[in-house]
Amino acid sequence: MSENPFLSRERFPRFDELTPEAAREALPALIAATEAKVAALEAKCEPTWDGRVAALTDALEPFSRAWHLVGHMLGVRNSDAWRAVEEEFQPAVVRLSLRVAQSRPLYDALLALRDGPAWASLDEGRRRVVESAIRDARDAGVGLDGPARERFLEIATRLSELSTKFSNNTLDATKAFALDLADPAEVAGLPPAVLALCADAWNAAHAGEAVAGGSGEAPGRRATPEAGPWRITLEMSIYSPFQQYAERRDLREKLYRARAARASTGATDNTAILSEILALRREQAALLGFPTYARLALDSRMAKEPGAVYAMIDRIGAAALPRAREELAALRAFAAENGAEGELMHWDLAYWSRRRLEALYGYSSETLRPYLPFPRVLDGLFGLARELFGVAIEPCDGLAPVWHPDVRLFRVRDAEGGAELAHFYLDPYSRPAEKQGGAWMDEICNRAERPDGSVRLPLALLCCNQAPPSGGKPSLMTLGEVDTLFHEFGHALQGMLTRVGIPEAAGIANVEWDAVELASQFLENWHDLPAQLRTLSAHVETGEPIPEDLIAKIQGAKTYNQGLATVRQLRFALADMDLHERVPCAEMPDADAAWAAASARFALLPPLPEERFLNTFTHIFSGGYAAGYYSYMWADILAHDAFAAFEEAGLDDPAARAATGRRYAATILALGGSRAPADVFRDFRGRDPTPDALLRHKGLTA
Ligand SMILES: [Zn+2]
């Protein structure tokens with residue numbers, strides 16, 4: 001009988017044998033063994049790299065790998081049986097990870113390592129790993145004693161309850177509103193795909209009633225996309241296209257007002273919850289010795305302190321605000337010319353913005369699909385990786401088992417020397433019944449140089465949700481799907497081309513949270529360059545590349561209304577930072593005052609009296625972005641500035657592109673978490689990052 005696949009240490013997991021039963025069989029012993037190893041380390045732990053850091057990594061590795069694989073199966077082959085495994089073992093896993101995170105002996109050993117004789121012999125990467133581990137432990141309250149420690153843990157528990165409550169209230173308030181429409185005139189303007197979503201929503205909501213016959217409708221009545229009825233909801237998948245396409249202004253207004261006031265009254269009111277969250281975060285920061293929560297959060301980030309974030313907001317805001325005002329004026333004029341009556345209101349912005357975009361650069365994302373067959377796009381992506389980073393990527397399907405027949409396996413080699421560098425799986429297509437939505441990159445293992453001199457190579461995986469092949473044709477992609485593939489591949493490259501030998505800092509491990517999207521967003525810059533579009537595209541029937549007039553429209557649309565989009569992001573980033581850095585103070589006594597200040601600065605239309613955006617700002621109240629909303633723009637600045645190095649060297653000069661690409665690979669991709677991101681950036685660019693390239697690429701320079 002072969003070994004349980006969750007216990008196997010083989011390089012490639014036996015995905016075809018990973019069953020819920022096998023997980024249930026393997027996990028209890030793995031958890032018990034890990035607890036025993038942690039207890040042994042707590043009892044006796046040398047304050048050295050090998051004795052403390054590497055020993056803990058080794059102790060946790062077999063269990064982490066198995067639990068990681070369970071999480072992976074939940075994401076790609078979700079089923080009741082897998083969910084039952086997760087539910088059954090989650091409490092034990094949480095207990096184990098809390099025990100490690102809260103361990104005073106392990107923390108003391110880290111301090112002894114930092115302050116002891118072994119420190120001098122550690123290289124930069126190892127020192128960074130120790131320093132971040134000390135910070136993580138400190139932020140988990142390990143350094144506190146007595147009542148302070150008790151209070152800290154009490155706050156942590158309360159915060160986790162409050163954030164769940166905040167998110168549930170937001171979901172419930174979103175679900176509480178729906179508009180059922182039966183007259184085709186009321187849905188005029190909506191594209192067929194949106195009508196289909198609305199008919200589905202109607203059917204889902206009325207399924208029970210039809211069977212019971214109690215709705216006044218004929219029993220068994222089904223909505224169809226063409227004839228309705230249609231259910232309009234506040235979910236983004238319906239709300240957002242409704243605002244962009246629905247011709248009925250009064251209905252757009254109704255929807256807009258309902259969405260803006262969510263979670264601000266009655267049973268789903270988040271007002272008191274968000275105030276309590278902010279107060280508890282302040283108290284938590286104070287217990288750890290920080291004057292504000294923002295300072296605590298930024299202590300472990302590339303931005304380091306709120307001043308750097310405010311400076312970014314000022315700089316980008318100064319460029320984006322005048323452009324946003326021009327864009328709004330152009331929108332007003334366009335709407336008036338095209339028969340809009342009255343003043344341009346909130347519920348008109350998305351609608352007229354879409355109409356004007358169509359008039360200026362009109363193409364539908366569906367038009368591009370036949371030009372972007374998946375195999376061609378993949379060839380183009382791998383060709384770019386070869387040219388820029390000197391890596392050869394070849395399929396090696398069949399080398400190891402996969403979790404679904406559509407999953408591909410690839411080998412990455414050094415194109416010049418031929419040495420094997422990594423492998424990765426690619427799971428490209430959407431499978432709504434069992435696969436999580438969105439797209440992600442994950443690492444099954446990252447690079448590790450072992451004491452015997454051998455190297456464990458990175459093994460990554462990419463999951464996307466693009467259209468599957470159909471009608472005998474390959475998967476035909478939209479530009480958005482291509483963008484997503486490039487993004488995830490950018491993350492994977494950082495994982496696979498790392499040169500770091502310790503798994504604690506190889507690839508994306510130990511990279512500062514606000515810098516981790518640099519490598520992914522960097523690669524997004526490439527896919528829609530005119531030259532790249534020509535090599536990426538080949539019409540599925542004629543083999544023709546995307547026509548030049550369409551390529552020109554794609555370029556034009558890139559800067560369309562970027563001023564408005566940017567000030568919207570700045571408003572959120574500023575409010576988030578003020579909530580965690582300044583509230584409460586004389587000018588900003590509470591959350592409402594912070595939102596009012598951010599709105600006064602960055603909202604071009606005054607907010608509606610009933611608007612309560614903060615009450616549904618789940619990013620910062622339940623999603624891990626507290627004092628971190630800025631990081632979207634922060635990483636984007638780095639990504640655009642890195643790309644600008646290629647523009648400066650000459651995008652049309654193959655030798656210059658290759659030389660710059662090799663430098664990018666040797667710094668940003670190779671060094672990962674072993675060096676501070678500001679230093680890595682400087683290694684690549686020869687200077688600190690500036691937002692100039694982002695502003696230029698978004699058309700925000702004068
Ligand atoms: Zn990403």
# chains A, B, ... in the order shown; residues from 1 in each chain; ligands from 1

$ residues_around --residues "Asp299 (chain A)" --least-positions-apart "2" --cutoff "12 Å" --atoms "only C-alpha atoms" --output "list in words"
Glu131, Ser132, Arg135, Asp136, Arg138, Asp139, Ala285, Leu288, Gly289, Phe290, Pro291, Thr292, Tyr293, Ala294, Arg295, Leu296, Ala297, Arg301, Met302, Ala303, Lys304, Glu305, Pro306, Ala308, Glu512, Trp513, Asp514, Ala627 and Gly628 of chain A

$ residues_around --residues "region 643-654 of chain A" --least-positions-apart "3" --cutoff "12 Å" --atoms "only C-alpha atoms" --output "PyMOL selection string"
chain A and resi 384+386-388+518-526+529-532+636-640+657-664+681-682+684-687+689-697

$ closest_atom_pairs --of "region 482-542 of chain A" --to "region 447-453 of chain A" --cutoff "6 Å" --atoms "only C-alpha atoms" --output "tab-separated table"
residue	atom	partner	partner_atom	distance
A:Gly501	CA	A:Ala448	CA	4.7
A:Ile502	CA	A:Ala448	CA	5.1
A:Pro503	CA	A:Ala448	CA	5.2
A:Ala506	CA	A:Arg447	CA	5.9

$ closest_atom_pairs --of "chain A" --to "ligand 1" --cutoff "10 Å" --atoms "only C-alpha atoms and all ligand atoms" --output "JSON lines"
{"residue": "A:Ala439", "atom": "CA", "partner": "ligand 1", "partner_atom_place_in_ligand_line": "1 (Zn)", "distance": 8.6}
{"residue": "A:Trp440", "atom": "CA", "partner": "ligand 1", "partner_atom_place_in_ligand_line": "1 (Zn)", "distance": 7.2}
{"residue": "A:Met441", "atom": "CA", "partner": "ligand 1", "partner_atom_place_in_ligand_line": "1 (Zn)", "distance": 7.8}
{"residue": "A:Thr484", "atom": "CA", "partner": "ligand 1", "partner_atom_place_in_ligand_line": "1 (Zn)", "distance": 8.9}
{"residue": "A:His487", "atom": "CA", "partner": "ligand 1", "partner_atom_place_in_ligand_line": "1 (Zn)", "distance": 6.3}
{"residue": "A:Glu488", "atom": "CA", "partner": "ligand 1", "partner_atom_place_in_ligand_line": "1 (Zn)", "distance": 6.3}
{"residue": "A:Phe489", "atom": "CA", "partner": "ligand 1", "partner_atom_place_in_ligand_line": "1 (Zn)", "distance": 9.4}
{"residue": "A:Gly490", "atom": "CA", "partner": "ligand 1", "partner_atom_place_in_ligand_line": "1 (Zn)", "distance": 8.3}
{"residue": "A:His491", "atom": "CA", "partner": "ligand 1", "partner_atom_place_in_ligand_line": "1 (Zn)", "distance": 6.7}
{"residue": "A:Ala492", "atom": "CA", "partner": "ligand 1", "partner_atom_place_in_ligand_line": "1 (Zn)", "distance": 9.9}
{"residue": "A:Val516", "atom": "CA", "partner": "ligand 1", "partner_atom_place_in_ligand_line": "1 (Zn)", "distance": 7.6}
{"residue": "A:Glu517", "atom": "CA", "partner": "ligand 1", "partner_atom_place_in_ligand_line": "1 (Zn)", "distance": 5.3}
{"residue": "A:Leu518", "atom": "CA", "partner": "ligand 1", "partner_atom_place_in_ligand_line": "1 (Zn)", "distance": 8.5}
{"residue": "A:Ala519", "atom": "CA", "partner": "ligand 1", "partner_atom_place_in_ligand_line": "1 (Zn)", "distance": 8.5}
{"residue": "A:Ser520", "atom": "CA", "partner": "ligand 1", "partner_atom_place_in_ligand_line": "1 (Zn)", "distance": 5.7}
{"residue": "A:Gln521", "atom": "CA", "partner": "ligand 1", "partner_atom_place_in_ligand_line": "1 (Zn)", "distance": 7.2}
{"residue": "A:Tyr632", "atom": "CA", "partner": "ligand 1", "partner_atom_place_in_ligand_line": "1 (Zn)", "distance": 10.0}

$ write_last_selection --atoms "all heavy atoms" --output "tab-separated table (two decimals), in the first residue's frame"
chain	number	residue	atom	x	y	z
A	439	ALA	N	-8.77	35.03	-9.67
A	439	ALA	CA	-7.53	34.40	-10.13
A	439	ALA	C	-6.52	34.51	-9.01
A	439	ALA	O	-6.55	35.45	-8.23
A	439	ALA	CB	-7.02	35.11	-11.38
A	440	TRP	N	-5.60	33.54	-8.93
A	440	TRP	CA	-4.61	33.60	-7.87
A	440	TRP	C	-3.36	32.83	-8.26
A	440	TRP	O	-3.39	31.95	-9.13
A	440	TRP	CB	-5.17	33.09	-6.54
A	440	TRP	CG	-5.58	31.64	-6.49
A	440	TRP	CD1	-4.84	30.60	-6.01
A	440	TRP	CD2	-6.84	31.07	-6.90
A	440	TRP	NE1	-5.57	29.43	-6.10
A	440	TRP	CE2	-6.79	29.69	-6.64
A	440	TRP	CE3	-8.01	31.61	-7.47
A	440	TRP	CZ2	-7.86	28.82	-6.92
A	440	TRP	CZ3	-9.06	30.75	-7.74
A	440	TRP	CH2	-8.98	29.38	-7.47
A	441	MET	N	-2.25	33.17	-7.58
A	441	MET	CA	-1.01	32.44	-7.70
A	441	MET	C	-0.71	31.85	-6.33
A	441	MET	O	-1.00	32.48	-5.31
A	441	MET	CB	0.12	33.38	-8.11
A	441	MET	CG	1.42	32.72	-8.52
A	441	MET	SD	2.45	32.00	-7.21
A	441	MET	CE	3.05	33.47	-6.38
A	484	THR	N	-5.27	39.55	-16.53
A	484	THR	CA	-5.25	38.72	-15.32
A	484	THR	C	-4.18	37.64	-15.40
A	484	THR	O	-3.44	37.40	-14.45
A	484	THR	CB	-6.63	38.06	-15.12
A	484	THR	OG1	-7.60	39.09	-15.00
A	484	THR	CG2	-6.66	37.19	-13.88
A	487	HIS	N	-0.87	39.22	-14.86
A	487	HIS	CA	-0.73	39.60	-13.45
A	487	HIS	C	-0.29	38.40	-12.61
A	487	HIS	O	0.72	38.46	-11.89
A	487	HIS	CB	-2.08	40.14	-12.95
A	487	HIS	CG	-2.09	40.52	-11.50
A	487	HIS	ND1	-2.05	41.83	-11.08
A	487	HIS	CD2	-2.13	39.77	-10.36
A	487	HIS	CE1	-2.06	41.87	-9.75
A	487	HIS	NE2	-2.11	40.63	-9.29
A	488	GLU	N	-1.02	37.31	-12.73
A	488	GLU	CA	-0.69	36.13	-11.90
A	488	GLU	C	0.66	35.55	-12.31
A	488	GLU	O	1.43	35.06	-11.47
A	488	GLU	CB	-1.80	35.07	-12.01
A	488	GLU	CG	-3.18	35.56	-11.54
A	488	GLU	CD	-3.18	36.17	-10.14
A	488	GLU	OE1	-2.30	35.83	-9.33
A	488	GLU	OE2	-4.06	37.02	-9.87
A	489	PHE	N	0.97	35.59	-13.60
A	489	PHE	CA	2.26	35.09	-14.05
A	489	PHE	C	3.40	35.96	-13.49
A	489	PHE	O	4.48	35.45	-13.17
A	489	PHE	CB	2.31	35.03	-15.58
A	489	PHE	CG	3.48	34.25	-16.11
A	489	PHE	CD1	3.54	32.87	-15.94
A	489	PHE	CD2	4.54	34.88	-16.77
A	489	PHE	CE1	4.63	32.15	-16.40
A	489	PHE	CE2	5.62	34.15	-17.24
A	489	PHE	CZ	5.66	32.78	-17.06
A	490	GLY	N	3.13	37.26	-13.33
A	490	GLY	CA	4.12	38.15	-12.72
A	490	GLY	C	4.43	37.73	-11.29
A	490	GLY	O	5.59	37.69	-10.87
A	491	HIS	N	3.39	37.39	-10.52
A	491	HIS	CA	3.60	36.86	-9.16
A	491	HIS	C	4.42	35.57	-9.24
A	491	HIS	O	5.36	35.36	-8.47
A	491	HIS	CB	2.26	36.51	-8.51
A	491	HIS	CG	1.52	37.68	-7.92
A	491	HIS	ND1	2.10	38.54	-7.04
A	491	HIS	CD2	0.24	38.10	-8.08
A	491	HIS	CE1	1.20	39.46	-6.68
A	491	HIS	NE2	0.07	39.21	-7.31
A	492	ALA	N	4.03	34.67	-10.16
A	492	ALA	CA	4.68	33.37	-10.25
A	492	ALA	C	6.16	33.52	-10.59
A	492	ALA	O	7.01	32.80	-10.05
A	492	ALA	CB	3.98	32.50	-11.28
A	516	VAL	N	4.22	43.80	-2.53
A	516	VAL	CA	4.12	42.46	-3.11
A	516	VAL	C	3.43	42.47	-4.47
A	516	VAL	O	3.63	41.57	-5.28
A	516	VAL	CB	3.44	41.50	-2.09
A	516	VAL	CG1	1.95	41.55	-2.20
A	516	VAL	CG2	3.95	40.08	-2.25
A	517	GLU	N	2.67	43.53	-4.77
A	517	GLU	CA	2.01	43.59	-6.08
A	517	GLU	C	2.89	44.25	-7.16
A	517	GLU	O	2.46	44.42	-8.29
A	517	GLU	CB	0.67	44.32	-5.99
A	517	GLU	CG	-0.38	43.59	-5.15
A	517	GLU	CD	-0.82	42.23	-5.70
A	517	GLU	OE1	-0.81	42.06	-6.94
A	517	GLU	OE2	-1.15	41.34	-4.91
A	518	LEU	N	4.12	44.58	-6.79
A	518	LEU	CA	5.01	45.18	-7.80
A	518	LEU	C	5.23	44.24	-8.99
A	518	LEU	O	5.02	44.60	-10.14
A	518	LEU	CB	6.35	45.55	-7.14
A	518	LEU	CG	7.58	45.75	-8.05
A	518	LEU	CD1	7.34	46.80	-9.12
A	518	LEU	CD2	8.81	46.15	-7.24
A	519	ALA	N	5.64	43.01	-8.72
A	519	ALA	CA	6.00	42.10	-9.81
A	519	ALA	C	4.79	41.74	-10.67
A	519	ALA	O	4.92	41.54	-11.88
A	519	ALA	CB	6.64	40.83	-9.24
A	520	SER	N	3.61	41.67	-10.07
A	520	SER	CA	2.41	41.30	-10.84
A	520	SER	C	1.95	42.48	-11.68
A	520	SER	O	1.69	42.34	-12.87
A	520	SER	CB	1.31	40.86	-9.89
A	520	SER	OG	1.10	41.84	-8.89
A	521	GLN	N	1.87	43.66	-11.06
A	521	GLN	CA	1.37	44.82	-11.80
A	521	GLN	C	2.38	45.27	-12.85
A	521	GLN	O	2.01	45.82	-13.88
A	521	GLN	CB	1.01	45.94	-10.83
A	521	GLN	CG	-0.11	45.48	-9.90
A	521	GLN	CD	-0.70	46.59	-9.05
A	521	GLN	OE1	-0.44	47.76	-9.25
A	521	GLN	NE2	-1.52	46.22	-8.10
A	632	TYR	N	-2.66	49.85	-2.96
A	632	TYR	CA	-2.96	49.65	-4.39
A	632	TYR	C	-2.15	50.63	-5.24
A	632	TYR	O	-1.50	50.26	-6.21
A	632	TYR	CB	-4.45	49.87	-4.67
A	632	TYR	CG	-5.35	48.79	-4.15
A	632	TYR	CD1	-6.16	49.00	-3.04
A	632	TYR	CD2	-5.41	47.56	-4.79
A	632	TYR	CE1	-7.01	48.02	-2.57
A	632	TYR	CE2	-6.26	46.57	-4.33
A	632	TYR	CZ	-7.06	46.79	-3.22
A	632	TYR	OH	-7.89	45.82	-2.76

$ residues_around --residues "Leu321 (chain A)" --least-positions-apart "5" --cutoff "10 Å" --atoms "only C-alpha atoms" --output "list in words"
Ile316, Glu326, Glu327, Gly563, Leu564, Thr566, Val567, Leu570, Arg601, Phe602, Ala603, Leu604 and Leu700 of chain A

$ residues_around --residues "Ala22 (chain A)" --least-positions-apart "5" --cutoff "12 Å" --atoms "only C-alpha atoms" --output "list in words"
Ser2, Glu3, Asn4, Pro5, Phe6, Leu7, Ser8, Arg14, Phe15, Asp16, Glu17, Leu27, Pro28, Ala66, Leu69, Val70, Ala81, Trp82 and Val85 of chain A

$ residues_around --residues "Asp397 (chain A)" --least-positions-apart "6" --cutoff "8 Å" --atoms "only C-alpha atoms" --output "list in words"
Arg408, Leu409 and Phe410 of chain A

$ write_last_selection --atoms "N, CA and C atoms" --output "compact mmCIF listing (two decimals), in the first residue's frame"
# COMPACT_ATOMS: atom_id res chain seq x y z
N ARG A 408 -2.51 22.19 -16.78
CA ARG A 408 -1.25 21.95 -17.49
C ARG A 408 -0.08 22.08 -16.51
N LEU A 409 1.02 21.39 -16.87
CA LEU A 409 2.23 21.49 -16.05
C LEU A 409 3.37 21.97 -16.95
N PHE A 410 4.17 22.93 -16.46
CA PHE A 410 5.25 23.50 -17.26
C PHE A 410 6.56 23.47 -16.48

$ select_by_dssp --residues "region 485-548 of chain A" --states "alpha helix (DSSP H)" --output "ChimeraX atom specification"
/A:485-496,518-527,530-536,548
